[in-house]
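Source file final.cif; content: mmCIF, C-alpha atoms.
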```cif
data_final
#
loop_
_atom_site.label_atom_id
_atom_site.label_comp_id
_atom_site.auth_asym_id
_atom_site.auth_seq_id
_atom_site.Cartn_x
_atom_site.Cartn_y
_atom_site.Cartn_z
CA MET K 1 0.00 0.00 0.00
CA SER K 2 1.57 3.31 -1.10
CA VAL K 3 1.88 6.47 0.97
CA LYS K 4 -0.49 8.21 -1.45
CA MET K 5 -3.14 5.54 -0.85
CA LEU K 6 -2.67 5.79 2.91
CA ARG K 7 -3.21 9.55 2.74
CA ASN K 8 -6.66 8.88 1.29
CA VAL K 9 -7.62 6.83 4.36
CA SER K 10 -9.12 9.06 7.07
CA PHE K 11 -7.22 7.34 9.87
CA PHE K 12 -3.87 8.38 8.39
CA LYS K 13 -4.66 11.98 7.50
CA VAL K 14 -3.63 13.19 10.97
CA LEU K 15 -0.39 11.21 11.01
CA GLY K 16 3.02 12.57 10.15
CA GLN K 17 5.24 11.09 7.48
CA ARG K 18 7.36 9.29 10.08
CA GLU K 19 4.32 7.50 11.52
CA ILE K 20 3.07 6.51 8.07
CA ASP K 21 6.48 5.16 7.06
CA ARG K 22 6.61 3.16 10.27
CA ILE K 23 3.16 1.66 9.70
CA LEU K 24 4.04 0.72 6.13
CA SER K 25 7.14 -1.06 7.38
CA ILE K 26 5.36 -3.14 10.04
CA ALA K 27 1.87 -3.81 8.61
CA ARG K 28 0.85 -6.64 6.35
CA THR K 29 -2.31 -6.84 4.24
CA ARG K 30 -4.79 -9.67 4.67
CA ARG K 31 -7.89 -10.36 2.59
CA TYR K 32 -11.11 -11.71 4.07
CA ARG K 33 -13.94 -13.34 2.16
CA GLU K 34 -17.56 -12.29 2.70
CA GLY K 35 -18.71 -13.95 5.92
CA GLU K 36 -15.19 -14.83 7.10
CA MET K 37 -14.41 -14.19 10.76
CA VAL K 38 -11.61 -11.75 11.59
CA PHE K 39 -11.63 -12.88 15.22
CA HIS K 40 -14.02 -14.36 17.79
CA LYS K 41 -15.08 -13.07 21.18
CA ALA K 42 -12.76 -14.33 23.96
CA ASP K 43 -9.88 -14.96 21.51
CA ILE K 44 -6.50 -13.81 22.73
CA GLY K 45 -5.77 -10.43 21.14
CA ARG K 46 -2.70 -10.70 18.94
CA ASN K 47 -3.26 -8.07 16.23
CA PHE K 48 -4.55 -4.55 15.57
CA PHE K 49 -6.48 -4.03 12.33
CA ILE K 50 -7.15 -1.07 10.05
CA VAL K 51 -9.81 -1.45 7.36
CA LYS K 52 -8.25 -0.88 3.95
CA SER K 53 -11.40 -1.75 1.97
CA GLY K 54 -14.74 -3.50 2.48
CA ARG K 55 -16.92 -3.57 5.59
CA ILE K 56 -16.47 -5.30 8.96
CA LYS K 57 -19.20 -6.07 11.50
CA VAL K 58 -18.34 -6.01 15.22
CA PHE K 59 -20.84 -7.97 17.31
CA ALA K 60 -21.47 -10.23 20.29
CA ALA K 61 -23.81 -13.21 20.62
CA ILE K 62 -26.42 -12.95 23.35
CA GLY K 63 -27.71 -16.46 23.95
CA PRO K 64 -28.04 -19.07 21.19
CA GLU K 65 -29.94 -16.91 18.69
CA LYS K 66 -29.75 -13.22 19.61
CA ARG K 67 -26.92 -10.91 18.58
CA LYS K 68 -25.97 -7.31 19.31
CA THR K 69 -24.10 -5.53 16.54
CA PHE K 70 -21.94 -2.72 17.92
CA ALA K 71 -20.65 -1.23 14.68
CA TYR K 72 -20.10 -1.58 10.97
CA LEU K 73 -16.57 -0.48 10.17
CA LYS K 74 -15.52 0.85 6.78
CA LYS K 75 -12.35 2.05 5.06
CA GLY K 76 -10.15 3.95 7.51
CA ASP K 77 -11.74 2.53 10.69
CA PHE K 78 -9.77 0.33 13.06
CA LEU K 79 -10.53 -2.54 15.42
CA GLY K 80 -8.88 -4.92 17.84
CA GLU K 81 -7.30 -2.29 20.05
CA MET K 82 -9.13 -3.04 23.32
CA SER K 83 -7.62 -6.45 24.01
CA LEU K 84 -4.16 -5.07 23.18
CA LEU K 85 -4.59 -2.17 25.61
CA GLY K 86 -5.10 -4.45 28.60
CA GLY K 87 -8.19 -6.55 28.01
CA LYS K 88 -6.10 -9.55 26.87
CA VAL K 89 -9.08 -11.31 25.26
CA ARG K 90 -11.46 -10.01 22.60
CA SER K 91 -14.62 -8.43 24.03
CA ALA K 92 -16.55 -8.97 20.78
CA SER K 93 -16.36 -10.81 17.47
CA ALA K 94 -15.55 -9.31 14.08
CA GLN K 95 -16.70 -10.58 10.68
CA ALA K 96 -16.31 -9.43 7.09
CA VAL K 97 -19.73 -8.39 5.76
CA GLU K 98 -18.30 -8.24 2.24
CA GLU K 99 -14.94 -9.03 0.68
CA SER K 100 -12.48 -6.90 2.64
CA GLU K 101 -8.81 -6.07 3.02
CA LEU K 102 -7.30 -5.19 6.39
CA LEU K 103 -3.92 -3.86 7.42
CA VAL K 104 -2.70 -6.11 10.23
CA ILE K 105 -0.25 -4.93 12.90
CA SER K 106 1.07 -7.33 15.56
CA SER K 107 0.55 -6.62 19.25
CA ARG K 108 4.27 -5.97 19.73
CA ASN K 109 4.42 -3.42 16.90
CA PHE K 110 1.16 -1.87 18.11
CA ARG K 111 2.68 -1.21 21.54
CA GLU K 112 5.71 0.39 19.90
CA LEU K 113 3.44 2.68 17.88
CA ILE K 114 1.65 3.72 21.07
CA LEU K 115 4.91 4.54 22.79
CA ARG K 116 6.71 6.26 19.91
CA SER K 117 3.98 7.94 17.83
CA PRO K 118 2.05 10.74 19.61
CA ASP K 119 -0.15 11.45 16.56
CA PHE K 120 -1.14 7.80 16.32
CA THR K 121 -1.91 7.61 20.05
CA LEU K 122 -4.01 10.79 20.02
CA LYS K 123 -6.03 9.55 17.04
CA LEU K 124 -6.58 6.27 18.84
CA LEU K 125 -7.74 8.02 22.03
CA HIS K 126 -10.09 10.38 20.18
CA THR K 127 -11.75 7.46 18.41
CA LEU K 128 -12.10 5.49 21.63
CA VAL K 129 -13.79 8.46 23.32
CA ASP K 130 -16.20 8.76 20.40
CA ARG K 131 -17.05 5.07 20.67
CA ILE K 132 -17.64 5.32 24.43
CA ASN K 133 -19.95 8.31 23.92
CA LYS K 134 -21.86 6.37 21.27
CA CYS K 135 -22.27 3.40 23.64
CA ASP K 136 -23.57 5.72 26.36
CA LYS K 137 -26.18 7.12 23.96
CA GLU K 138 -27.25 3.63 22.91
CA ILE K 139 -27.70 2.57 26.54
CA GLU K 140 -29.76 5.70 27.22
CA SER K 141 -31.85 5.02 24.12
CA MET K 142 -32.54 1.43 25.17
CA LEU K 143 -33.62 2.53 28.64
CA PHE K 144 -35.70 5.61 27.87
CA HIS K 145 -36.96 5.57 24.27
CA ASN K 146 -39.57 3.57 22.40
CA ILE K 147 -38.81 1.25 19.50
CA LEU K 148 -39.69 3.85 16.87
CA GLY K 149 -37.29 6.41 18.29
CA ARG K 150 -34.60 3.77 18.67
CA LEU K 151 -35.03 2.68 15.05
CA ALA K 152 -34.80 6.28 13.81
CA ALA K 153 -31.64 6.83 15.86
CA ALA K 154 -30.15 3.54 14.61
CA ILE K 155 -30.74 4.53 10.98
CA MET K 156 -29.04 7.88 11.58
CA ASN K 157 -26.07 6.18 13.25
CA LEU K 158 -25.75 3.66 10.44
CA ALA K 159 -25.86 6.51 7.92
CA GLY K 160 -22.65 7.83 9.47
CA ASP K 161 -21.19 10.72 7.51
CA LYS K 162 -23.65 10.47 4.63
CA PRO K 163 -25.35 13.67 3.38
CA SER K 164 -28.13 15.20 5.46
CA GLY K 165 -30.64 14.75 2.63
CA ARG K 166 -31.92 11.56 1.01
CA PHE K 167 -29.69 8.50 0.92
CA THR K 168 -29.94 4.71 0.53
CA MET K 169 -28.16 1.84 2.25
CA LYS K 170 -28.37 -1.94 2.02
CA MET K 171 -29.39 -3.40 5.36
CA SER K 172 -31.67 -6.33 6.18
CA GLN K 173 -34.20 -6.05 9.00
CA THR K 174 -32.30 -8.77 10.84
CA GLU K 175 -29.11 -6.69 10.64
CA ILE K 176 -31.00 -3.64 11.92
CA ALA K 177 -32.45 -5.70 14.79
CA ASP K 178 -28.98 -7.00 15.70
CA TYR K 179 -27.65 -3.44 15.67
CA MET K 180 -30.45 -2.35 18.01
CA GLY K 181 -30.05 -5.37 20.27
CA THR K 182 -33.62 -6.55 19.76
CA THR K 183 -35.58 -9.02 17.64
CA ARG K 184 -36.83 -8.73 14.07
CA VAL K 185 -40.58 -8.56 14.86
CA PRO K 186 -40.65 -5.14 16.60
CA VAL K 187 -38.18 -3.78 14.04
CA CYS K 188 -40.44 -4.92 11.21
CA ARG K 189 -43.40 -3.11 12.81
CA ALA K 190 -41.37 0.06 13.33
CA VAL K 191 -40.05 -0.03 9.75
CA ASN K 192 -43.61 -0.34 8.44
CA THR K 193 -44.69 2.62 10.58
CA LEU K 194 -41.91 4.80 9.16
CA LYS K 195 -42.80 3.61 5.65
CA ARG K 196 -46.46 4.53 6.06
CA SER K 197 -45.41 7.94 7.36
CA GLY K 198 -43.30 8.59 4.28
CA VAL K 199 -40.09 8.93 6.30
CA ILE K 200 -38.37 5.95 4.69
CA SER K 201 -38.89 3.38 1.99
CA TYR K 202 -37.77 -0.22 2.39
CA LYS K 203 -37.73 -2.93 -0.25
CA ARG K 204 -35.68 -6.08 -0.68
CA GLY K 205 -33.09 -5.20 1.91
CA GLU K 206 -32.60 -1.64 0.69
CA LEU K 207 -33.54 1.19 3.04
CA SER K 208 -33.91 4.74 1.72
CA VAL K 209 -34.37 7.80 3.92
CA LEU K 210 -36.87 10.12 2.27
CA ASP K 211 -37.24 12.75 4.99
CA MET K 212 -34.17 13.24 7.19
CA ARG K 213 -35.75 16.15 9.08
CA ARG K 214 -38.67 14.01 10.24
CA LEU K 215 -36.39 11.06 10.95
CA ARG K 216 -34.21 13.26 13.15
CA SER K 217 -37.32 14.56 14.91
CA ILE K 218 -38.54 11.02 15.62
CA ALA K 219 -35.11 10.04 16.94
CA GLY K 220 -35.17 13.04 19.27
CA GLY K 221 -33.08 12.36 22.36
CA ALA K 222 -32.42 8.83 21.15
CA SER K 223 -29.92 10.03 18.52
#
```

Rewrite the structure from the file as structure tokens, please.
Amino acid sequence: MSVKMLRNVSFFKVLGQREIDRILSIARTRRYREGEMVFHKADIGRNFFIVKSGRIKVFAAIGPEKRKTFAYLKKGDFLGEMSLLGGKVRSASAQAVEESELLVISSRNFRELILRSPDFTLKLLHTLVDRINKCDKEIESMLFHNILGRLAAAIMNLAGDKPSGRFTMKMSQTEIADYMGTTRVPVCRAVNTLKRSGVISYKRGELSVLDMRRLRSIAGGAS
């Protein structure tokens, strides 16, 4: 992976040339097929990963059938840092949702980056704080908001940095339910309510937001 390509990845834009050169010298690229596991919950953490291309789902199983999806990671996002920072074992599982390429950095080299690269460490800390804040909001939403508000907030979170107007994403109702930490039946009802209201359209696993202003209003404090 060239320096020019790295500069196009958001994670590296804040890093100096020295940090980028160091990462290029210690990272290897690994490809994952659609559906292939990157790691499992409770595995010993041995590597830090940066998404080069594709999409990675981070999740945990809750009982034999229920799952909670914590995030969908895209190009420039990273994962695997928690177990390397002291957790020792993975706190969640990670799986390639589509064919993906990851930059892989060993635990030893990761520790050296932390110690020797202030820009890298600051970027890591800022992202961790953002993730903690997001988890706090999700917990608040689960405790204090109804399923419709939670669904609206989930759609906005999944949209990420997409434009504030109309947009479309591929997401099954099962994937949405896993992301919300609930089952498919209430999600299906909430999706149909938003469809009837003209806020979204949903067909064959493709969700389109038609009215972001109303969606944001429905999310309210849940977003």

- request: Can you give me, as a PyMOL selection string, the residues this file yields under the PyMOL selection byres ((chain K and resi 201-206) around 9)?
  value: chain K and resi 168-173+191-192+194-196+198-200+207-210

message: If the PyMOL selection byres ((chain K and resi 104-120) around 6) were run on this exact file, what residues would it hold? Put them as JSON, numbers by chain.
response: {"K": [15, 27, 28, 46, 47, 48, 49, 103, 121, 122, 123]}

- line: Using only C-alpha atoms, the residue out of K:Ser91, K:Leu102, K:Leu124, K:Gly63 with shortest distance to Lys75 of chain K is K:Leu102

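For the pair atom CA of Ile26 of chain K and atom CA of Gln95 of chain K, the separation is 23.3 Å.
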
field: Residue nearest Gly181 of chain K among K:Val89, K:Leu79, K:Lys68, K:Glu101 (counting only C-alpha atoms)
entry: K:Lys68

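Comparing the minimum interatomic distances between Ala42 of chain K and each of K:Ser93, K:Ser25, K:Asn157, K:Asn146, counting only C-alpha atoms, we find that K:Ser93 sits nearest.
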
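Of the listed residues K:Glu138, K:Asp21, K:Asp178, K:Asp43, the one whose atoms come nearest to Gly87 of chain K is K:Asp43, with distances taken using only C-alpha atoms.
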
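Put simply, atom CA of Ala153 of chain K is 9.5 Å away from atom CA of Met180 of chain K.
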
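Minimum atom-to-atom distance to Asp77 of chain K, evaluated using only C-alpha atoms, belongs to K:Lys57 out of K:Ser217, K:Lys57, K:Ala159, K:Met212.
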
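Between atom CA of Arg189 of chain K and atom CA of Ile147 of chain K the interatomic distance comes to 9.2 Å.
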
Who sits within 12 Å of segment 97-99 of chain K, only C-alpha atoms, same chain under 5 positions skipped, as a list in words: Arg30, Arg31, Tyr32, Arg33, Glu34, Gly35, Glu36, Met37, Val38, Val51, Lys52, Ser53, Gly54, Arg55, Ile56, Lys57, Val58, Phe59, Thr69, Ala71, Tyr72, Leu73, Lys74, Lys170, Met171 and Glu175 of chain K

What would segment 55-66 of chain K look like with all heavy atoms restored, written as a compact mmCIF listing (two decimals), keeping the file's coordinate frame?
```txt
# COMPACT_ATOMS: atom_id res chain seq x y z
N ARG K 55 -16.11 -3.93 4.43
CA ARG K 55 -16.92 -3.57 5.59
C ARG K 55 -16.85 -4.70 6.61
O ARG K 55 -16.99 -5.87 6.25
CB ARG K 55 -18.37 -3.32 5.16
CG ARG K 55 -19.23 -2.60 6.18
CD ARG K 55 -20.46 -1.97 5.52
NE ARG K 55 -21.34 -2.95 4.95
CZ ARG K 55 -22.57 -3.24 5.44
NH1 ARG K 55 -23.03 -2.59 6.49
NH2 ARG K 55 -23.32 -4.15 4.87
N ILE K 56 -16.64 -4.35 7.87
CA ILE K 56 -16.47 -5.30 8.96
C ILE K 56 -17.55 -5.06 10.01
O ILE K 56 -17.78 -3.93 10.44
CB ILE K 56 -15.08 -5.18 9.62
CG1 ILE K 56 -13.96 -5.35 8.58
CG2 ILE K 56 -14.94 -6.19 10.75
CD1 ILE K 56 -13.89 -6.70 7.94
N LYS K 57 -18.19 -6.15 10.44
CA LYS K 57 -19.20 -6.07 11.50
C LYS K 57 -18.59 -6.49 12.82
O LYS K 57 -17.94 -7.53 12.91
CB LYS K 57 -20.39 -6.96 11.15
CG LYS K 57 -21.45 -7.02 12.24
CD LYS K 57 -22.70 -7.77 11.78
CE LYS K 57 -22.42 -9.24 11.58
NZ LYS K 57 -23.67 -9.99 11.26
N VAL K 58 -18.79 -5.68 13.87
CA VAL K 58 -18.34 -6.01 15.22
C VAL K 58 -19.58 -6.33 16.04
O VAL K 58 -20.50 -5.51 16.13
CB VAL K 58 -17.56 -4.84 15.85
CG1 VAL K 58 -17.11 -5.21 17.26
CG2 VAL K 58 -16.36 -4.46 14.98
N PHE K 59 -19.62 -7.52 16.65
CA PHE K 59 -20.84 -7.97 17.31
C PHE K 59 -20.53 -8.93 18.45
O PHE K 59 -19.41 -9.42 18.60
CB PHE K 59 -21.76 -8.66 16.30
CG PHE K 59 -21.22 -9.98 15.81
CD1 PHE K 59 -21.61 -11.17 16.41
CD2 PHE K 59 -20.31 -10.04 14.76
CE1 PHE K 59 -21.10 -12.40 15.97
CE2 PHE K 59 -19.79 -11.26 14.31
CZ PHE K 59 -20.20 -12.44 14.93
N ALA K 60 -21.56 -9.22 19.25
CA ALA K 60 -21.47 -10.23 20.29
C ALA K 60 -22.75 -11.04 20.28
O ALA K 60 -23.83 -10.50 20.03
CB ALA K 60 -21.26 -9.59 21.67
N ALA K 61 -22.64 -12.34 20.53
CA ALA K 61 -23.81 -13.21 20.62
C ALA K 61 -24.38 -13.11 22.02
O ALA K 61 -23.65 -13.12 23.01
CB ALA K 61 -23.42 -14.64 20.29
N ILE K 62 -25.72 -13.01 22.08
CA ILE K 62 -26.42 -12.95 23.35
C ILE K 62 -27.37 -14.15 23.39
O ILE K 62 -28.47 -14.11 22.86
CB ILE K 62 -27.21 -11.64 23.51
CG1 ILE K 62 -26.28 -10.45 23.28
CG2 ILE K 62 -27.87 -11.54 24.88
CD1 ILE K 62 -27.00 -9.12 23.20
N GLY K 63 -26.93 -15.24 24.00
CA GLY K 63 -27.71 -16.46 23.95
C GLY K 63 -27.50 -17.18 22.63
O GLY K 63 -26.67 -16.77 21.80
N PRO K 64 -28.26 -18.24 22.38
CA PRO K 64 -28.04 -19.07 21.19
C PRO K 64 -28.47 -18.42 19.88
O PRO K 64 -27.98 -18.79 18.82
CB PRO K 64 -28.88 -20.32 21.48
CG PRO K 64 -29.94 -19.86 22.43
CD PRO K 64 -29.29 -18.80 23.27
N GLU K 65 -29.40 -17.46 19.93
CA GLU K 65 -29.94 -16.91 18.69
C GLU K 65 -29.80 -15.39 18.56
O GLU K 65 -29.75 -14.87 17.46
CB GLU K 65 -31.44 -17.27 18.57
CG GLU K 65 -31.69 -18.78 18.51
CD GLU K 65 -33.15 -19.11 18.40
OE1 GLU K 65 -33.98 -18.16 18.48
OE2 GLU K 65 -33.49 -20.29 18.23
N LYS K 66 -29.73 -14.68 19.66
CA LYS K 66 -29.75 -13.22 19.61
C LYS K 66 -28.34 -12.65 19.52
O LYS K 66 -27.41 -13.15 20.15
CB LYS K 66 -30.46 -12.67 20.86
CG LYS K 66 -30.81 -11.20 20.78
CD LYS K 66 -31.62 -10.80 22.00
CE LYS K 66 -31.98 -9.34 21.96
NZ LYS K 66 -32.74 -8.92 23.16
```
